Amino acid sequence: MKSIVGIDVAKEELVIYMGGSYYSIENTSKALDKWAKKHSDLIEKVDLFAYEPTGGYEKIAAAFFEEKGLPHARLHANHVRSYAKAMGQLAKTDAIDAKMIAEFAIAKNQGRTTTQTHPELIELTSRREQLIIMKNQETNRLETISSDVVRKQIKKHVKHLETKIKETGDKIKSYINKHDDLKAKTKHLRTIPGVGEITANSIVAYLPEVYEADSKSVSMLCGLAPVSKDSGKKQGKRKIFGGRSQVRRVLYMAALTAKKHNPVIKEFFDRLKARGKIFKVAITAAMRKLLTIIHSVANREEPWANEITLR
């Protein structure tokens, strides 16, 4: 049986389940380093350190494991909780969660995380999106505000947000240009009609698995793979849900452009509409088709080729 360590992550504390024992330490690199040195004999035998995403507080541990070359994996929190319920574990404490994380990783035969991530790029991309949302909220408020004083304040704030959006965008470009691998990846993605700079940057930031996972897995990660709801002779509607909303948002905007300017997506979208599919269904299918093209380009590490002309 694999030796897997489960870690429950909180803002200030890490509760670690290892070899039947529990350890509680501060959620800092210094505390992790001290703990690792103290238990170096046990850590050498560990096959995997498993943890859940916890609002970004897991980044310290992830960076530590990456730096030390220790095998680690971030698990889906809902999957771990569902596993605990299935095992009859209804109680929930930090210690119980740490143990459940370890047991779930063993049951799933969870492998280590191999995809290289860029935390700074993720944070910059996320921050730019947050700024855009704030700008849109302020702009929408102008429609219902009659006070000249308040309108002036809002307009000033909108202008400030526009400046910050541009500054953050420039920092994203600078970060990508400093990393040859990211520069090459975004360059290839941008050859796909409909995939612009923002979409390409978001894909390499939020969806690094597109370079190693299969197409179906990538669709599941984005919440774009239809899930069956059948029982006996009853066939339910296929639905999409969950996944990385940040990626879905940029894919939606990209698909709106691609259905006009990408010959593959345009032909696909128009065919669905001609068959009577409503816009929501057709555009979702177009998003999934576009993601398949992105996956193909990413794995070939070559510019996009017009599939229609190659038939």
# chains A, B, ... in the order shown; residues from 1 in each chain; ligands from 1
call {"tool": "residues_around", "arguments": {"residues": "segment 91-108 of chain A", "least_positions_apart": "5", "cutoff": "12 Å", "atoms": "only C-alpha atoms", "output": "MDAnalysis selection string"}}
result
chainID A and resid 1:10 13:24 46:53 72:86
call {"tool": "residues_around", "arguments": {"residues": "segment 287-301 of chain A", "least_positions_apart": "2", "cutoff": "6 Å", "atoms": "only C-alpha atoms", "output": "VMD selection string"}}
result
chain A and resid 210 to 211 251 255 284 to 285 304
call {"tool": "write_last_selection", "arguments": {"atoms": "N, CA and C atoms", "output": "compact mmCIF listing (two decimals), in the first residue's frame"}}
result
# COMPACT_ATOMS: atom_id res chain seq x y z
N VAL A 210 -3.97 21.18 -19.89
CA VAL A 210 -4.28 21.02 -21.31
C VAL A 210 -3.08 20.47 -22.08
N TYR A 211 -1.88 20.59 -21.48
CA TYR A 211 -0.67 20.12 -22.14
C TYR A 211 -0.31 18.68 -21.82
N LEU A 251 -13.58 31.14 -22.55
CA LEU A 251 -13.94 30.30 -23.69
C LEU A 251 -15.27 30.75 -24.30
N ALA A 255 -15.55 31.81 -28.05
CA ALA A 255 -16.45 31.09 -28.95
C ALA A 255 -17.35 32.05 -29.72
N THR A 284 -22.42 26.40 -26.27
CA THR A 284 -21.71 25.53 -25.33
C THR A 284 -20.96 24.45 -26.10
N ALA A 285 -21.61 23.90 -27.11
CA ALA A 285 -20.95 22.89 -27.95
C ALA A 285 -19.76 23.51 -28.69
N TRP A 304 -1.90 26.44 -35.27
CA TRP A 304 -3.16 25.86 -35.73
C TRP A 304 -3.15 25.66 -37.23
call {"tool": "residues_around", "arguments": {"residues": "Lys166 of chain A", "least_positions_apart": "3", "cutoff": "12 Å", "atoms": "only C-alpha atoms", "output": "count of residues only"}}
result
17
call {"tool": "select_by_dssp", "arguments": {"residues": "segment 3-98 of chain A", "states": "helix (DSSP H, G or I)", "output": "VMD selection string"}}
result
chain A and resid 29 to 38 40 to 43 59 to 68 77 to 86 94 to 98
call {"tool": "residues_around", "arguments": {"residues": "Ala63 of chain A", "least_positions_apart": "3", "cutoff": "12 Å", "atoms": "only C-alpha atoms", "output": "list in words"}}
result
Asn27, Thr28, Ser29, Leu32, Asp33, Gly56, Tyr57, Glu58, Lys59, Ile60, Glu66, Glu67, Lys68, Gly69, Leu70, Pro71, His72, Ala73, Arg74, Gln116, Thr117, His118, Pro119 and Glu120 of chain A
call {"tool": "write_last_selection", "arguments": {"atoms": "N, CA and C atoms", "output": "mmCIF file, in the first residue's frame"}}
result
data_model
loop_
_atom_site.group_PDB
_atom_site.id
_atom_site.type_symbol
_atom_site.label_atom_id
_atom_site.label_comp_id
_atom_site.auth_asym_id
_atom_site.auth_seq_id
_atom_site.Cartn_x
_atom_site.Cartn_y
_atom_site.Cartn_z
ATOM 1 N N ASN A 27 1.113 27.282 9.240
ATOM 2 C CA ASN A 27 1.092 27.251 7.776
ATOM 3 C C ASN A 27 2.118 28.251 7.227
ATOM 4 N N THR A 28 3.391 27.912 7.436
ATOM 5 C CA THR A 28 4.494 28.742 6.942
ATOM 6 C C THR A 28 5.580 27.827 6.386
ATOM 7 N N SER A 29 6.367 28.356 5.482
ATOM 8 C CA SER A 29 7.469 27.574 4.903
ATOM 9 C C SER A 29 8.485 27.190 5.973
ATOM 10 N N LEU A 32 7.118 24.281 8.000
ATOM 11 C CA LEU A 32 7.151 23.068 7.189
ATOM 12 C C LEU A 32 8.561 22.509 7.085
ATOM 13 N N ASP A 33 9.518 23.400 6.885
ATOM 14 C CA ASP A 33 10.917 22.985 6.769
ATOM 15 C C ASP A 33 11.397 22.344 8.066
ATOM 16 N N GLY A 56 -6.523 29.320 -1.531
ATOM 17 C CA GLY A 56 -5.162 29.806 -1.790
ATOM 18 C C GLY A 56 -4.195 29.569 -0.654
ATOM 19 N N TYR A 57 -4.705 29.170 0.521
ATOM 20 C CA TYR A 57 -3.827 28.957 1.668
ATOM 21 C C TYR A 57 -2.958 27.712 1.501
ATOM 22 N N GLU A 58 -3.296 26.885 0.492
ATOM 23 C CA GLU A 58 -2.488 25.685 0.234
ATOM 24 C C GLU A 58 -1.237 25.995 -0.585
ATOM 25 N N LYS A 59 -1.117 27.219 -1.065
ATOM 26 C CA LYS A 59 0.000 27.566 -1.950
ATOM 27 C C LYS A 59 1.358 27.459 -1.259
ATOM 28 N N ILE A 60 1.402 27.769 0.037
ATOM 29 C CA ILE A 60 2.661 27.699 0.775
ATOM 30 C C ILE A 60 3.172 26.265 0.792
ATOM 31 N N GLU A 66 7.184 21.555 -3.978
ATOM 32 C CA GLU A 66 7.775 21.726 -5.304
ATOM 33 C C GLU A 66 9.264 22.032 -5.181
ATOM 34 N N GLU A 67 9.589 22.935 -4.260
ATOM 35 C CA GLU A 67 10.988 23.335 -4.055
ATOM 36 C C GLU A 67 11.845 22.161 -3.578
ATOM 37 N N LYS A 68 11.275 21.335 -2.700
ATOM 38 C CA LYS A 68 12.019 20.205 -2.138
ATOM 39 C C LYS A 68 11.981 18.962 -3.024
ATOM 40 N N GLY A 69 11.224 19.036 -4.112
ATOM 41 C CA GLY A 69 11.127 17.890 -5.009
ATOM 42 C C GLY A 69 10.329 16.740 -4.434
ATOM 43 N N LEU A 70 9.394 17.053 -3.537
ATOM 44 C CA LEU A 70 8.571 16.028 -2.893
ATOM 45 C C LEU A 70 7.284 15.806 -3.693
ATOM 46 N N PRO A 71 6.856 14.558 -3.862
ATOM 47 C CA PRO A 71 5.642 14.273 -4.637
ATOM 48 C C PRO A 71 4.395 14.805 -3.926
ATOM 49 N N HIS A 72 3.595 15.567 -4.626
ATOM 50 C CA HIS A 72 2.405 16.148 -3.999
ATOM 51 C C HIS A 72 1.274 16.249 -5.006
ATOM 52 N N ALA A 73 0.049 16.366 -4.493
ATOM 53 C CA ALA A 73 -1.122 16.476 -5.362
ATOM 54 C C ALA A 73 -2.224 17.243 -4.655
ATOM 55 N N ARG A 74 -2.905 18.091 -5.403
ATOM 56 C CA ARG A 74 -4.052 18.831 -4.888
ATOM 57 C C ARG A 74 -5.313 18.080 -5.297
ATOM 58 N N GLN A 116 3.332 21.790 -14.383
ATOM 59 C CA GLN A 116 4.002 22.963 -13.812
ATOM 60 C C GLN A 116 3.026 24.132 -13.785
ATOM 61 N N THR A 117 2.901 24.747 -12.633
ATOM 62 C CA THR A 117 2.017 25.902 -12.507
ATOM 63 C C THR A 117 2.847 27.159 -12.295
ATOM 64 N N HIS A 118 2.239 28.293 -12.544
ATOM 65 C CA HIS A 118 2.896 29.586 -12.350
ATOM 66 C C HIS A 118 2.003 30.429 -11.439
ATOM 67 N N PRO A 119 2.182 30.309 -10.118
ATOM 68 C CA PRO A 119 1.324 31.016 -9.160
ATOM 69 C C PRO A 119 1.218 32.509 -9.408
ATOM 70 N N GLU A 120 2.329 33.154 -9.756
ATOM 71 C CA GLU A 120 2.290 34.608 -9.984
ATOM 72 C C GLU A 120 1.425 34.946 -11.188
#
call {"tool": "atom_distance", "arguments": {"atom1": "atom CA of Leu256 of chain A", "atom2": "atom CA of Leu142 of chain A"}}
result
27.1 Å
call {"tool": "atom_distance", "arguments": {"atom1": "atom CA of Tyr175 of chain A", "atom2": "atom CA of Gly196 of chain A"}}
result
17.2 Å
call {"tool": "residues_around", "arguments": {"residues": "segment 199-201 of chain A", "least_positions_apart": "5", "cutoff": "6 Å", "atoms": "only C-alpha atoms", "output": "MDAnalysis selection string"}}
result
chainID A and resid 186 189 250
